[in-house]
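The data block below is my_file-v3.cif; it holds mmCIF, C-alpha atoms and all ligand atoms.
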```
data_final
loop_
_atom_site.group_PDB
_atom_site.id
_atom_site.type_symbol
_atom_site.label_atom_id
_atom_site.label_comp_id
_atom_site.auth_asym_id
_atom_site.auth_seq_id
_atom_site.Cartn_x
_atom_site.Cartn_y
_atom_site.Cartn_z
ATOM 1 C CA MET A 17 -52.279 -35.892 -27.473
ATOM 2 C CA SER A 18 -53.435 -32.446 -26.592
ATOM 3 C CA ILE A 19 -50.893 -30.003 -25.241
ATOM 4 C CA LEU A 20 -52.637 -30.059 -21.896
ATOM 5 C CA ARG A 21 -52.447 -33.878 -21.668
ATOM 6 C CA LYS A 22 -48.776 -33.819 -22.679
ATOM 7 C CA PHE A 23 -48.169 -31.356 -19.902
ATOM 8 C CA PHE A 24 -49.859 -33.577 -17.301
ATOM 9 C CA VAL A 25 -47.961 -36.657 -18.520
ATOM 10 C CA PHE A 26 -44.725 -34.694 -18.130
ATOM 11 C CA ILE A 27 -45.664 -33.608 -14.624
ATOM 12 C CA ILE A 28 -46.605 -37.148 -13.545
ATOM 13 C CA LEU A 29 -43.496 -38.759 -15.031
ATOM 14 C CA PHE A 30 -40.781 -36.254 -14.305
ATOM 15 C CA LEU A 31 -41.794 -34.118 -11.363
ATOM 16 C CA PRO A 32 -41.104 -36.784 -8.696
ATOM 17 C CA VAL A 33 -37.647 -37.420 -10.191
ATOM 18 C CA THR A 34 -36.884 -33.703 -10.310
ATOM 19 C CA LEU A 35 -38.018 -33.226 -6.743
ATOM 20 C CA LEU A 36 -35.996 -36.195 -5.540
ATOM 21 C CA LEU A 37 -32.859 -34.922 -7.239
ATOM 22 C CA SER A 38 -33.300 -31.435 -5.850
ATOM 23 C CA CYS A 39 -33.658 -32.862 -2.346
ATOM 24 C CA ARG A 40 -30.562 -34.991 -2.680
ATOM 25 C CA SER A 41 -28.233 -32.377 -4.118
ATOM 26 C CA PRO A 42 -26.427 -30.398 -1.403
ATOM 27 C CA ARG A 43 -27.439 -26.785 -1.035
ATOM 28 C CA ILE A 44 -24.729 -24.523 -2.361
ATOM 29 C CA THR A 45 -23.887 -21.707 0.065
ATOM 30 C CA ALA A 46 -20.970 -19.317 0.154
ATOM 31 C CA PRO A 47 -18.213 -20.581 2.493
ATOM 32 C CA GLN A 48 -18.143 -18.662 5.759
ATOM 33 C CA LYS A 49 -15.388 -16.146 6.203
ATOM 34 C CA GLN A 50 -13.426 -16.185 9.453
ATOM 35 C CA ILE A 51 -12.178 -13.587 11.926
ATOM 36 C CA ALA A 52 -10.250 -14.079 15.153
ATOM 37 C CA LEU A 53 -10.814 -11.553 17.926
ATOM 38 C CA THR A 54 -7.883 -11.308 20.317
ATOM 39 C CA PHE A 55 -7.865 -9.562 23.693
ATOM 40 C CA ASP A 56 -4.550 -8.533 25.194
ATOM 41 C CA ASP A 57 -3.384 -7.435 28.636
ATOM 42 C CA GLY A 58 -5.786 -9.393 30.814
ATOM 43 C CA PRO A 59 -6.827 -10.684 33.145
ATOM 44 C CA ASP A 60 -8.211 -7.417 34.455
ATOM 45 C CA SER A 61 -10.438 -7.123 37.498
ATOM 46 C CA VAL A 62 -13.050 -5.072 35.613
ATOM 47 C CA TYR A 63 -12.894 -5.461 31.852
ATOM 48 C CA THR A 64 -12.020 -9.106 31.296
ATOM 49 C CA GLU A 65 -15.299 -10.160 32.851
ATOM 50 C CA LYS A 66 -17.237 -7.577 30.811
ATOM 51 C CA VAL A 67 -15.666 -8.830 27.588
ATOM 52 C CA LEU A 68 -16.435 -12.423 28.583
ATOM 53 C CA LYS A 69 -20.050 -11.469 29.134
ATOM 54 C CA VAL A 70 -20.463 -9.989 25.648
ATOM 55 C CA LEU A 71 -18.728 -12.959 24.024
ATOM 56 C CA LYS A 72 -20.985 -15.351 25.913
ATOM 57 C CA ARG A 73 -24.109 -13.462 24.840
ATOM 58 C CA PHE A 74 -23.120 -13.903 21.183
ATOM 59 C CA HIS A 75 -21.642 -17.418 21.576
ATOM 60 C CA VAL A 76 -18.292 -16.176 20.292
ATOM 61 C CA HIS A 77 -14.970 -17.790 21.141
ATOM 62 C CA ALA A 78 -11.861 -15.606 21.139
ATOM 63 C CA THR A 79 -8.207 -15.624 22.187
ATOM 64 C CA PHE A 80 -6.850 -13.934 25.313
ATOM 65 C CA PHE A 81 -3.195 -12.977 25.625
ATOM 66 C CA LEU A 82 -2.581 -12.877 29.343
ATOM 67 C CA ILE A 83 0.114 -11.046 31.291
ATOM 68 C CA GLY A 84 1.846 -13.259 33.863
ATOM 69 C CA SER A 85 1.840 -10.696 36.679
ATOM 70 C CA SER A 86 -1.938 -10.283 36.257
ATOM 71 C CA VAL A 87 -2.435 -14.045 36.056
ATOM 72 C CA GLU A 88 -0.896 -14.155 39.526
ATOM 73 C CA LYS A 89 -3.280 -11.476 40.777
ATOM 74 C CA TYR A 90 -6.491 -12.816 39.255
ATOM 75 C CA PRO A 91 -6.248 -16.596 38.994
ATOM 76 C CA LEU A 92 -10.023 -17.085 39.051
ATOM 77 C CA LEU A 93 -10.408 -14.947 35.942
ATOM 78 C CA VAL A 94 -7.914 -17.119 34.106
ATOM 79 C CA LYS A 95 -9.977 -20.174 34.986
ATOM 80 C CA LYS A 96 -13.101 -18.372 33.830
ATOM 81 C CA VAL A 97 -11.556 -17.554 30.439
ATOM 82 C CA GLU A 98 -10.483 -21.152 30.017
ATOM 83 C CA ALA A 99 -13.805 -22.609 31.220
ATOM 84 C CA ALA A 100 -15.695 -20.453 28.720
ATOM 85 C CA GLY A 101 -13.839 -22.195 25.889
ATOM 86 C CA HIS A 102 -11.566 -19.343 24.870
ATOM 87 C CA CYS A 103 -7.993 -19.804 23.825
ATOM 88 C CA ILE A 104 -5.196 -18.533 26.061
ATOM 89 C CA GLY A 105 -1.890 -17.119 24.853
ATOM 90 C CA ASN A 106 1.200 -15.826 26.623
ATOM 91 C CA HIS A 107 1.791 -12.055 26.671
ATOM 92 C CA SER A 108 4.945 -12.041 28.858
ATOM 93 C CA TYR A 109 5.197 -11.549 32.622
ATOM 94 C CA HIS A 110 5.967 -7.836 32.948
ATOM 95 C CA HIS A 111 4.585 -6.442 29.694
ATOM 96 C CA LEU A 112 7.548 -4.194 28.982
ATOM 97 C CA ASN A 113 9.417 -3.319 25.844
ATOM 98 C CA PHE A 114 12.101 -5.998 26.034
ATOM 99 C CA TRP A 115 14.640 -4.396 23.734
ATOM 100 C CA ASN A 116 17.388 -4.746 26.353
ATOM 101 C CA LEU A 117 16.729 -8.387 27.251
ATOM 102 C CA SER A 118 18.665 -11.275 25.769
ATOM 103 C CA CYS A 119 16.612 -14.077 24.247
ATOM 104 C CA GLU A 120 17.511 -16.239 27.206
ATOM 105 C CA GLN A 121 16.301 -13.621 29.677
ATOM 106 C CA LEU A 122 13.116 -13.134 27.690
ATOM 107 C CA MET A 123 12.542 -16.865 27.697
ATOM 108 C CA ASN A 124 13.251 -17.463 31.388
ATOM 109 C CA ASN A 125 12.022 -14.281 33.068
ATOM 110 C CA GLU A 126 9.009 -13.521 30.912
ATOM 111 C CA ILE A 127 7.748 -16.420 28.854
ATOM 112 C CA LEU A 128 8.476 -19.532 30.934
ATOM 113 C CA ARG A 129 7.458 -17.770 34.124
ATOM 114 C CA THR A 130 4.067 -16.975 32.585
ATOM 115 C CA GLN A 131 3.795 -20.473 31.077
ATOM 116 C CA GLU A 132 4.132 -22.006 34.543
ATOM 117 C CA LEU A 133 1.483 -19.727 36.012
ATOM 118 C CA ILE A 134 -1.000 -20.507 33.246
ATOM 119 C CA PHE A 135 -0.176 -24.213 33.471
ATOM 120 C CA ASN A 136 -0.791 -24.286 37.221
ATOM 121 C CA LEU A 137 -4.288 -22.898 36.677
ATOM 122 C CA THR A 138 -5.373 -24.582 33.465
ATOM 123 C CA GLY A 139 -3.096 -27.586 33.010
ATOM 124 C CA ARG A 140 -2.034 -26.165 29.646
ATOM 125 C CA LYS A 141 1.001 -24.382 28.256
ATOM 126 C CA PRO A 142 0.214 -21.978 25.425
ATOM 127 C CA ARG A 143 2.056 -22.140 22.105
ATOM 128 C CA PHE A 144 0.929 -18.628 21.152
ATOM 129 C CA TYR A 145 3.180 -15.835 22.317
ATOM 130 C CA ARG A 146 2.335 -12.221 21.579
ATOM 131 C CA PRO A 147 5.226 -9.852 22.275
ATOM 132 C CA PRO A 148 4.188 -6.674 24.124
ATOM 133 C CA TYR A 149 3.855 -3.829 21.574
ATOM 134 C CA GLY A 150 4.482 -6.429 18.879
ATOM 135 C CA TYR A 151 8.217 -5.956 19.396
ATOM 136 C CA ILE A 152 10.565 -8.918 19.337
ATOM 137 C CA LEU A 153 14.141 -9.318 18.083
ATOM 138 C CA ASP A 154 14.456 -11.497 14.985
ATOM 139 C CA SER A 155 16.894 -13.752 16.824
ATOM 140 C CA CYS A 156 14.430 -14.274 19.710
ATOM 141 C CA GLN A 157 11.635 -14.925 17.259
ATOM 142 C CA THR A 158 13.694 -17.603 15.542
ATOM 143 C CA SER A 159 14.639 -19.111 18.896
ATOM 144 C CA LEU A 160 10.992 -19.273 20.015
ATOM 145 C CA GLN A 161 9.852 -20.744 16.720
ATOM 146 C CA SER A 162 12.507 -23.448 16.978
ATOM 147 C CA ARG A 163 10.893 -24.381 20.310
ATOM 148 C CA ASN A 164 7.549 -24.638 18.545
ATOM 149 C CA TYR A 165 6.046 -21.378 19.829
ATOM 150 C CA VAL A 166 3.849 -19.399 17.463
ATOM 151 C CA ILE A 167 4.532 -15.640 17.471
ATOM 152 C CA SER A 168 1.156 -14.078 17.124
ATOM 153 C CA GLU A 169 0.902 -10.667 15.522
ATOM 154 C CA TRP A 170 -2.271 -9.107 14.089
ATOM 155 C CA ASP A 171 -3.384 -7.367 10.924
ATOM 156 C CA VAL A 172 -6.164 -5.118 12.280
ATOM 157 C CA ASP A 173 -5.439 -2.663 15.100
ATOM 158 C CA PRO A 174 -8.390 -0.351 15.805
ATOM 159 C CA ARG A 175 -6.226 1.345 18.457
ATOM 160 C CA ASP A 176 -8.572 0.680 21.349
ATOM 161 C CA TRP A 177 -5.481 1.199 23.557
ATOM 162 C CA ASP A 178 -5.313 4.879 22.550
ATOM 163 C CA ILE A 179 -8.039 6.009 24.925
ATOM 164 C CA GLU A 180 -7.282 9.707 24.534
ATOM 165 C CA HIS A 181 -7.966 9.786 20.808
ATOM 166 C CA ASN A 182 -10.339 6.935 20.046
ATOM 167 C CA SER A 183 -14.055 6.447 20.565
ATOM 168 C CA THR A 184 -16.428 3.505 20.559
ATOM 169 C CA LYS A 185 -17.390 4.541 17.037
ATOM 170 C CA SER A 186 -13.800 4.766 15.770
ATOM 171 C CA ILE A 187 -13.027 1.281 17.138
ATOM 172 C CA GLU A 188 -16.112 -0.121 15.425
ATOM 173 C CA GLU A 189 -15.600 1.681 12.131
ATOM 174 C CA PHE A 190 -11.913 0.869 11.825
ATOM 175 C CA THR A 191 -12.564 -2.819 12.455
ATOM 176 C CA MET A 192 -15.486 -2.927 10.034
ATOM 177 C CA LYS A 193 -13.449 -1.173 7.349
ATOM 178 C CA PHE A 194 -10.231 -3.157 7.552
ATOM 179 C CA ALA A 195 -11.016 -6.636 8.868
ATOM 180 C CA LYS A 196 -11.401 -9.246 6.143
ATOM 181 C CA ASP A 197 -11.414 -13.005 5.807
ATOM 182 C CA LYS A 198 -8.738 -14.547 8.120
ATOM 183 C CA SER A 199 -8.073 -11.259 9.922
ATOM 184 C CA ILE A 200 -6.674 -11.170 13.435
ATOM 185 C CA VAL A 201 -8.113 -8.195 15.326
ATOM 186 C CA LEU A 202 -6.134 -6.671 18.192
ATOM 187 C CA LEU A 203 -8.283 -5.563 21.128
ATOM 188 C CA HIS A 204 -7.636 -5.183 24.853
ATOM 189 C CA CYS A 205 -9.386 -6.267 28.011
ATOM 190 C CA GLY A 206 -6.846 -4.838 30.455
ATOM 191 C CA SER A 207 -4.194 -2.132 31.108
ATOM 192 C CA GLY A 208 -6.617 0.775 31.301
ATOM 193 C CA ASP A 209 -10.202 1.814 30.744
ATOM 194 C CA ARG A 210 -11.595 -0.581 28.139
ATOM 195 C CA SER A 211 -15.218 0.488 28.340
ATOM 196 C CA LYS A 212 -15.158 1.670 24.704
ATOM 197 C CA THR A 213 -13.894 -1.732 23.597
ATOM 198 C CA VAL A 214 -16.656 -3.458 25.522
ATOM 199 C CA LYS A 215 -19.281 -1.171 23.957
ATOM 200 C CA ALA A 216 -17.882 -1.578 20.440
ATOM 201 C CA LEU A 217 -17.716 -5.344 20.699
ATOM 202 C CA SER A 218 -21.399 -6.187 20.253
ATOM 203 C CA HIS A 219 -21.664 -3.931 17.181
ATOM 204 C CA ILE A 220 -18.548 -5.463 15.654
ATOM 205 C CA ILE A 221 -19.877 -8.978 16.197
ATOM 206 C CA THR A 222 -23.329 -8.150 14.847
ATOM 207 C CA TYR A 223 -21.901 -6.467 11.753
ATOM 208 C CA PHE A 224 -19.553 -9.289 10.786
ATOM 209 C CA ARG A 225 -22.168 -11.943 11.452
ATOM 210 C CA SER A 226 -24.460 -10.147 9.015
ATOM 211 C CA GLU A 227 -21.593 -10.276 6.493
ATOM 212 C CA ASN A 228 -21.383 -14.079 6.780
ATOM 213 C CA TYR A 229 -18.349 -14.132 9.071
ATOM 214 C CA GLN A 230 -17.679 -16.729 11.708
ATOM 215 C CA PHE A 231 -15.682 -15.804 14.835
ATOM 216 C CA VAL A 232 -13.000 -18.324 15.613
ATOM 217 C CA ARG A 233 -10.158 -18.821 18.036
ATOM 218 C CA LEU A 234 -6.617 -18.288 16.822
ATOM 219 C CA ASP A 235 -5.876 -22.014 16.793
ATOM 220 C CA GLU A 236 -8.874 -22.545 14.528
ATOM 221 C CA LEU A 237 -7.949 -19.654 12.263
ATOM 222 C CA LEU A 238 -4.347 -20.802 11.901
ATOM 223 C CA ASN A 239 -5.266 -24.486 11.982
ATOM 224 C CA THR A 240 -2.667 -25.316 14.623
ATOM 225 C CA ASN A 241 -2.524 -26.441 18.232
ATOM 226 C CA ALA A 242 -3.020 -23.727 20.843
ATOM 227 C CA TYR A 243 -1.091 -25.640 23.522
ATOM 228 C CA PHE A 244 2.001 -27.783 23.831
ATOM 229 C CA PRO A 245 1.219 -31.500 24.037
HETATM 230 ZN ZN ZN A 301 -0.204 -5.793 25.497
#
```

Just dump the structure as structure tokens.
Ligand SMILES: [Zn+2]
Amino acid sequence: MSILRKFFVFIILFLPVTLLLSCRSPRITAPQKQIALTFDDGPDSVYTEKVLKVLKRFHVHATFFLIGSSVEKYPLLVKKVEAAGHCIGNHSYHHLNFWNLSCEQLMNNEILRTQELIFNLTGRKPRFYRPPYGYILDSCQTSLQSRNYVISEWDVDPRDWDIEHNSTKSIEEFTMKFAKDKSIVLLHCGSGDRSKTVKALSHIITYFRSENYQFVRLDELLNTNAYFP
């Protein structure tokens, strides 16, 4: 058999099998990395809606830590956040530094009060609690965890709250430099001018998407329930 004939016999006999096998074997792709964007201090009459708009444009779901006193003021915004498929967490009622409150006072005056407000609007009671300024006594943390709350801190803080010293660029660059797989990014959609955050957001999303990241809610990132049953 000439070399050319052998080649054709090989093609006729084995090519269909090779093709079939290549079609059946799953395509191997790198697993997607995950990031959770979190927005504190809402709802806010101006910036919460702007943040929602950007997230909607990119089909991104995030987590919003709401302040009870603002929930009372802007109930429709709370419903909007919930209806858009975002996750809602509790960020206390007064948003103060609660160093002088007992755990019981913190629970009754700040957390449960906010839980009720969120429940009345959404029918859900959040398990995620983010202490204002990230400050909580160890004893209160233990007490909340024993009641099945999840204390939600963060690992990336681009300091969007520091409006005197930051810029849209610094918020973007800090996040791009330090966020990694499973990062929780602290951003704000209330308590001040958040226009730099809103501007930075689309660049942050575009950058991490190009790096094979998926944006997820906190409950998805931590693989736990966002709300009490
Ligand atoms: Zn806050």

Contacts to ligand ZN 301 (chain A) at 8 Å cut-off (only C-alpha atoms and all ligand atoms) as a list in words: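 So the residues close to ligand ZN 301 (chain A) are Asp56, Asp57, Phe81, Ile83, His107, His111, Arg146, Pro147, Pro148, Tyr149, His204 and Ser207 of chain A.
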
Test item: axis-aligned box, all listed atoms of region 94-111 of chain A, 6 Å on each side, centre and edges in Å rounded to one decimal, as JSON:
```
{"center_x": -4.9, "center_y": -14.5, "center_z": 29.4, "size_x": 33.7, "size_y": 28.2, "size_z": 23.2}
```

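Among the candidates A:Phe144, A:Phe55, A:Tyr90, A:Tyr151, the residue lying nearest to Leu117 (chain A) is A:Tyr151 (atoms considered: all atoms listed in the file).
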
From the set A:Ile51, A:Ile152, A:Val201, A:Val97, which residue has the shortest atom-to-atom contact distance to Leu71 (chain A), counting only C-alpha atoms?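 Smallest separation from Leu71 (chain A) among the options: A:Val97.
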
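What separates CA of Thr79 (chain A) from CA of Arg163 (chain A) is a distance of 21.1 Å.
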
What lies within 7 Å of region 189-192 of chain A using all atoms listed in the file, ignoring chain neighbours under 4 positions off, as a ChimeraX atom specification? /A:172,174,185,220

Using only C-alpha atoms for the distances, tell me which of A:Asn241, A:Ser108, A:Ser61, A:Ser226 is nearest to Asn164 (chain A).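 Of the candidates, the smallest distance to Asn164 (chain A) is held by A:Asn241.
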